[in-house]
Amino acid sequence: MAVVDSQWRRRAQLVAGVSLGVGAALVVAKLWVGFASGSLGVLSEAAHSALDLAASAFAFLAVRTALKPPDREHPYGHGRTENLAAFGEGLLLLVTAAGILYEGLTRLVSGSTPVRATSYALALMAASLIIEVVRAFGLRVIGRAALSQALEAESQNRFADVLSSAAVLLGLIVVGLGYRWADAVAAILVALVVAYAASRLTWRSGDILIDRAPAGAEDELRRTLDGVRGVKQVRSVRIRRSGPRLLGDATVATRRTLPVEAAERLSDEARRAVAEALPDLELTLVVQGDVRSDALVERVHAAAALHSRIRDLHNVTVEREDDGSLHLTMHAKLPGSMSLDEAAAVSAELEQRLRAELPNVSRVDVHLEPLEPDVISGADVTSARRELVERVRQVVERHPDVLRCGDVELSERDGRIFAHVVAEMHGDSSLEEAHRVETEIEKQIRDSAPEIAEVVARATP
């Protein structure tokens with residue numbers, strides 16, 4: 001599906017206006033010739049064209065209204081006016097076909113025809129035939145380019161007029177040759193063709209008005225969302241058409257503990273992927289947390305995330321006792337200025353949330369820690385303490401599971417030295433092995449260099 005350029009939509013409005021003007025001129029001309037020649041066939045064509053004029057006015061207003069932006073009373077825009085116009089034109093075509101069929105059958109049964117093959121009547125119907133061909137093709141080209149259902153419906157109406165005008169013209173010619181029944185037979189054939197086209201148009205536009213999903217669009221949207229990284233499940237997908245646009249909504253599930261910023265990035269990535277797969281779709285996306293009964297640690301983090309004063313939860317351990325109950329242990333960081341009474345209240349509320357989330361919890365132990373300040377003052381003393389850096393490097397590289405020491409940096413904060421080291425290990429080592437090595441390196445550095453207050457070791461492949 002292609003994205004509709006606003007310039008094409010403006011052209012659609014212009015073409016609809018020109019078609020309306022041409023239709024009005026044809027009605028006047030056919031009425032004049034019909035009364036002047038006494039031809040009931042031409043007068044019937046004038047009545048048919050008058051119905052078409054009403055349909056053209058409907059299409060013009062629909063295309064013009066569809067260009068309006070969304071407002072408070074129409075938050076999804078005004079695109080449905082085009083679908084309504086197409087449905088209305090289909091009904092008008094059905095009425096027209098029924099009228100032509102009735103008149104044709106009446107004339108065929110009675111064996112009489114009021115048509116008089118005058119030269120100016122033949123000239124008018126020939127000119128009308130050419131005009132309707134040009135109008136039909138012009139409306140179809142612009143309607144498809146602008147994805148305007150109203151103009152495409154108007155185009156089908158005009159092609160029906162081509163057949164109708166051709167039938168009347170042929171009837172005039174054949175009647176002039178003495179075959180008076182030919183006009184009625186041609187009218188019946190035209191009525192059947194018009195009825196078929198009108199039925200298809202009415203059915204298609206009616207499907208859109210009752211929100212029938214475009215074929216294949218929902219499956220394509222589901223496949224696209226399912227391929228977005230971070231989406232665990234596509235829960236619901238709905239799409240409907242409104243004029244040239246598709247309107248859709250979808251609900252996807254992701255990890256419950258996903259931070260807000262990460263959830264926003266996931267939503268943006270999903271929208272970009274959908275925009276590439278379905279350019280005409282305006283999507284409303286809802287991101288929900290995926291609740292898994294077996295993800296106990298994740299459920300603990302999700303419960304803690306609901307408390308605004310708990311900034312960080314780590315070292316979560318879920319121990320299953322012999323009787324099947326759960327013992328939860330965790331570290332929670334709170335603002336350092338908080339009083340012990342306030343901290344105890346927060347801990348009690350967290351415990352209450354955890355027991356509601358996991359009813360079989362028998363015990364909850366929360367170790368409270370002060371939250372570090374956002375920014376601390378420090379100085380890089382790596383170059384000034386080369387001897388200490390070398391001592392740390394040797395400790396790291398002596399470890400049997402370390403390939404080499406990647407980096408050492410020393411920082412001084414309030415007269416205390418903090419060491420940051422990078423130890424390179426085999427890439428196929430497990431995370432548990434890497435964490436064990438980090439812990440052992442930190443202890444060995446503190447033992448060999450007591451002047452270092454704190455060590456942060458990081459294992460990398």
# chains A, B, ... in the order shown; residues from 1 in each chain; ligands from 1
$ select_by_dssp --residues "stretch 287-405 of chain A" --states "helix (DSSP H, G or I)" --output "MDAnalysis selection string"
chainID A and resid 296:305 340:357 383:398
$ residues_around --residues "A:Ala419" --least-positions-apart "6" --cutoff "10 Å" --atoms "only C-alpha atoms" --output "PyMOL selection string"
chain A and resi 382+388-389+392+408-412+442+445-446+452-457
$ write_last_selection --atoms "N, CA, C and O atoms" --output "CSV table (one decimal), in the first residue's frame"
chain,number,residue,atom,x,y,z
A,382,THR,N,45.2,7.6,38.4
A,382,THR,CA,45.9,6.4,37.9
A,382,THR,C,47.3,6.7,37.5
A,382,THR,O,48.3,5.9,37.9
A,388,LEU,N,51.0,1.3,42.4
A,388,LEU,CA,49.8,0.7,42.9
A,388,LEU,C,49.0,0.1,41.7
A,388,LEU,O,48.5,-1.0,41.8
A,389,VAL,N,49.0,0.7,40.6
A,389,VAL,CA,48.3,0.2,39.4
A,389,VAL,C,49.0,-1.1,38.9
A,389,VAL,O,48.3,-2.1,38.6
A,392,VAL,N,48.1,-4.0,41.3
A,392,VAL,CA,46.7,-4.4,41.0
A,392,VAL,C,46.7,-5.3,39.8
A,392,VAL,O,46.0,-6.4,39.7
A,408,VAL,N,43.1,-0.9,34.3
A,408,VAL,CA,43.1,-0.5,35.7
A,408,VAL,C,42.9,1.0,35.8
A,408,VAL,O,43.7,1.7,35.1
A,409,GLU,N,42.0,1.5,36.6
A,409,GLU,CA,41.9,2.9,36.9
A,409,GLU,C,41.7,3.1,38.4
A,409,GLU,O,40.9,2.4,39.0
A,410,LEU,N,42.4,4.1,38.9
A,410,LEU,CA,42.2,4.5,40.3
A,410,LEU,C,41.6,5.9,40.4
A,410,LEU,O,41.9,6.8,39.7
A,411,SER,N,40.6,5.9,41.3
A,411,SER,CA,39.9,7.2,41.6
A,411,SER,C,40.1,7.5,43.1
A,411,SER,O,40.1,6.6,43.9
A,412,GLU,N,40.2,8.8,43.4
A,412,GLU,CA,40.3,9.3,44.8
A,412,GLU,C,39.1,10.1,45.1
A,412,GLU,O,38.8,11.1,44.4
A,442,GLU,N,38.3,-9.0,43.5
A,442,GLU,CA,38.1,-7.9,44.5
A,442,GLU,C,38.7,-8.2,45.8
A,442,GLU,O,39.4,-7.3,46.5
A,445,ILE,N,42.6,-8.2,45.7
A,445,ILE,CA,43.2,-6.8,45.6
A,445,ILE,C,43.1,-6.1,46.9
A,445,ILE,O,44.1,-5.5,47.4
A,446,ARG,N,42.0,-6.3,47.6
A,446,ARG,CA,41.9,-5.6,49.0
A,446,ARG,C,42.9,-6.2,49.9
A,446,ARG,O,43.5,-5.5,50.8
A,452,ILE,N,43.7,0.5,49.3
A,452,ILE,CA,42.5,0.7,48.4
A,452,ILE,C,41.2,0.4,49.2
A,452,ILE,O,41.1,-0.7,49.8
A,453,ALA,N,40.3,1.4,49.2
A,453,ALA,CA,39.1,1.3,50.1
A,453,ALA,C,38.0,0.4,49.4
A,453,ALA,O,37.3,-0.3,50.1
A,454,GLU,N,37.9,0.4,48.1
A,454,GLU,CA,36.9,-0.3,47.4
A,454,GLU,C,37.4,-0.7,46.0
A,454,GLU,O,38.2,0.0,45.4
A,455,VAL,N,36.9,-1.9,45.6
A,455,VAL,CA,37.3,-2.4,44.3
A,455,VAL,C,36.1,-2.8,43.5
A,455,VAL,O,35.2,-3.5,44.1
A,456,VAL,N,36.0,-2.5,42.3
A,456,VAL,CA,35.0,-2.9,41.4
A,456,VAL,C,35.6,-3.6,40.2
A,456,VAL,O,36.4,-3.0,39.4
A,457,ALA,N,35.4,-4.9,40.1
A,457,ALA,CA,36.0,-5.7,39.1
A,457,ALA,C,34.9,-6.1,38.0
A,457,ALA,O,33.8,-6.4,38.4
$ residues_around --residues "A:Ile376" --least-positions-apart "4" --cutoff "10 Å" --atoms "only C-alpha atoms" --output "list of chain:residue names"
A:Glu372, A:Arg413, A:Asp414
$ residues_around --residues "stretch 317-323 of chain A" --least-positions-apart "5" --cutoff "10 Å" --atoms "only C-alpha atoms" --output "ChimeraX atom specification"
/A:296-297,300,328-331,360-365
$ closest_residue --among "A:Leu247, A:Ala127, A:Val274, A:Leu101" --to "A:Ala191" --atoms "only C-alpha atoms"
A:Leu101
$ closest_residue --among "A:Ala379, A:Val28, A:Val237, A:Ala356" --to "A:Gly415" --atoms "only C-alpha atoms"
A:Ala379
$ closest_residue --among "A:Ser337, A:Gln444, A:Thr202, A:Thr257" --to "A:Leu94" --atoms "only C-alpha atoms"
A:Thr202
$ closest_residue --among "A:His367, A:His426, A:Arg272, A:His435" --to "A:Val402" --atoms "only C-alpha atoms"
A:His426
$ residues_around --residues "A:Ser347" --least-positions-apart "2" --cutoff "10 Å" --atoms "only C-alpha atoms" --output "ChimeraX atom specification"
/A:304,310,332,334,341-345,349-353,364-368
$ write_last_selection --atoms "C-alpha atoms" --output "short mmCIF file (atom, residue, chain, number, x, y, z; two decimals), in the first residue's frame"
data_model
loop_
_atom_site.label_atom_id
_atom_site.label_comp_id
_atom_site.auth_asym_id
_atom_site.auth_seq_id
_atom_site.Cartn_x
_atom_site.Cartn_y
_atom_site.Cartn_z
CA ALA A 304 8.89 -3.38 44.05
CA ILE A 310 12.29 2.25 46.17
CA ALA A 332 16.49 -2.23 48.58
CA LEU A 334 16.15 4.27 49.63
CA ASP A 341 10.80 5.02 60.78
CA GLU A 342 10.03 6.05 57.20
CA ALA A 343 12.30 3.35 55.81
CA ALA A 344 10.60 0.73 58.01
CA ALA A 345 7.21 1.84 56.69
CA GLU A 349 4.56 -1.80 52.40
CA LEU A 350 6.91 -3.67 50.09
CA GLU A 351 6.43 -6.83 52.11
CA GLN A 352 2.67 -6.40 51.88
CA ARG A 353 2.87 -6.04 48.08
CA VAL A 364 10.43 -11.57 53.65
CA ASP A 365 13.79 -10.07 54.60
CA VAL A 366 14.59 -6.65 53.13
CA HIS A 367 18.07 -5.26 53.65
CA LEU A 368 17.80 -1.47 53.44
#
$ residues_around --residues "A:Ile131" --least-positions-apart "3" --cutoff "10 Å" --atoms "only C-alpha atoms" --output "CSV table (one decimal) with N, CA, C and O atoms, in the first residue's frame"
chain,number,residue,atom,x,y,z
A,22,VAL,N,-19.7,19.0,-15.2
A,22,VAL,CA,-20.0,18.4,-16.5
A,22,VAL,C,-21.3,17.6,-16.4
A,22,VAL,O,-22.1,17.7,-17.3
A,23,GLY,N,-21.6,17.0,-15.3
A,23,GLY,CA,-22.8,16.3,-15.1
A,23,GLY,C,-24.0,17.2,-15.2
A,23,GLY,O,-25.0,16.9,-15.8
A,26,LEU,N,-24.7,18.1,-18.8
A,26,LEU,CA,-25.3,17.0,-19.5
A,26,LEU,C,-26.8,16.9,-19.2
A,26,LEU,O,-27.6,16.6,-20.1
A,125,MET,N,-26.2,12.0,-28.0
A,125,MET,CA,-25.9,10.8,-27.3
A,125,MET,C,-24.5,10.4,-27.7
A,125,MET,O,-23.7,9.8,-26.9
A,126,ALA,N,-24.0,10.7,-28.9
A,126,ALA,CA,-22.6,10.4,-29.3
A,126,ALA,C,-21.7,11.2,-28.5
A,126,ALA,O,-20.6,10.8,-28.0
A,127,ALA,N,-22.0,12.5,-28.4
A,127,ALA,CA,-21.1,13.4,-27.6
A,127,ALA,C,-21.1,13.0,-26.1
A,127,ALA,O,-20.1,13.0,-25.4
A,128,SER,N,-22.3,12.6,-25.6
A,128,SER,CA,-22.4,12.2,-24.2
A,128,SER,C,-21.6,10.9,-24.0
A,128,SER,O,-20.9,10.8,-22.9
A,134,VAL,N,-14.4,9.8,-21.1
A,134,VAL,CA,-13.3,10.7,-20.6
A,134,VAL,C,-13.4,10.8,-19.1
A,134,VAL,O,-12.5,10.7,-18.3
A,135,ARG,N,-14.7,11.1,-18.7
A,135,ARG,CA,-14.9,11.3,-17.2
A,135,ARG,C,-14.6,10.0,-16.4
A,135,ARG,O,-14.0,10.0,-15.4
A,136,ALA,N,-15.0,8.9,-17.0
A,136,ALA,CA,-14.8,7.6,-16.3
A,136,ALA,C,-13.4,7.3,-16.1
A,136,ALA,O,-12.9,6.9,-15.0
A,158,ARG,N,-19.8,6.3,-13.8
A,158,ARG,CA,-19.6,6.9,-15.1
A,158,ARG,C,-19.5,5.8,-16.2
A,158,ARG,O,-20.0,5.9,-17.3
A,162,VAL,N,-21.6,5.1,-19.5
A,162,VAL,CA,-21.1,4.9,-20.9
A,162,VAL,C,-21.9,3.8,-21.5
A,162,VAL,O,-22.4,3.9,-22.7
$ closest_residue --among "A:Glu433, A:Glu387, A:Glu298, A:Asp249" --to "A:Val234" --atoms "only C-alpha atoms"
A:Asp249
$ atom_distance --atom1 "atom CA of A:Ala253" --atom2 "atom CA of A:Arg238"
15.8 Å
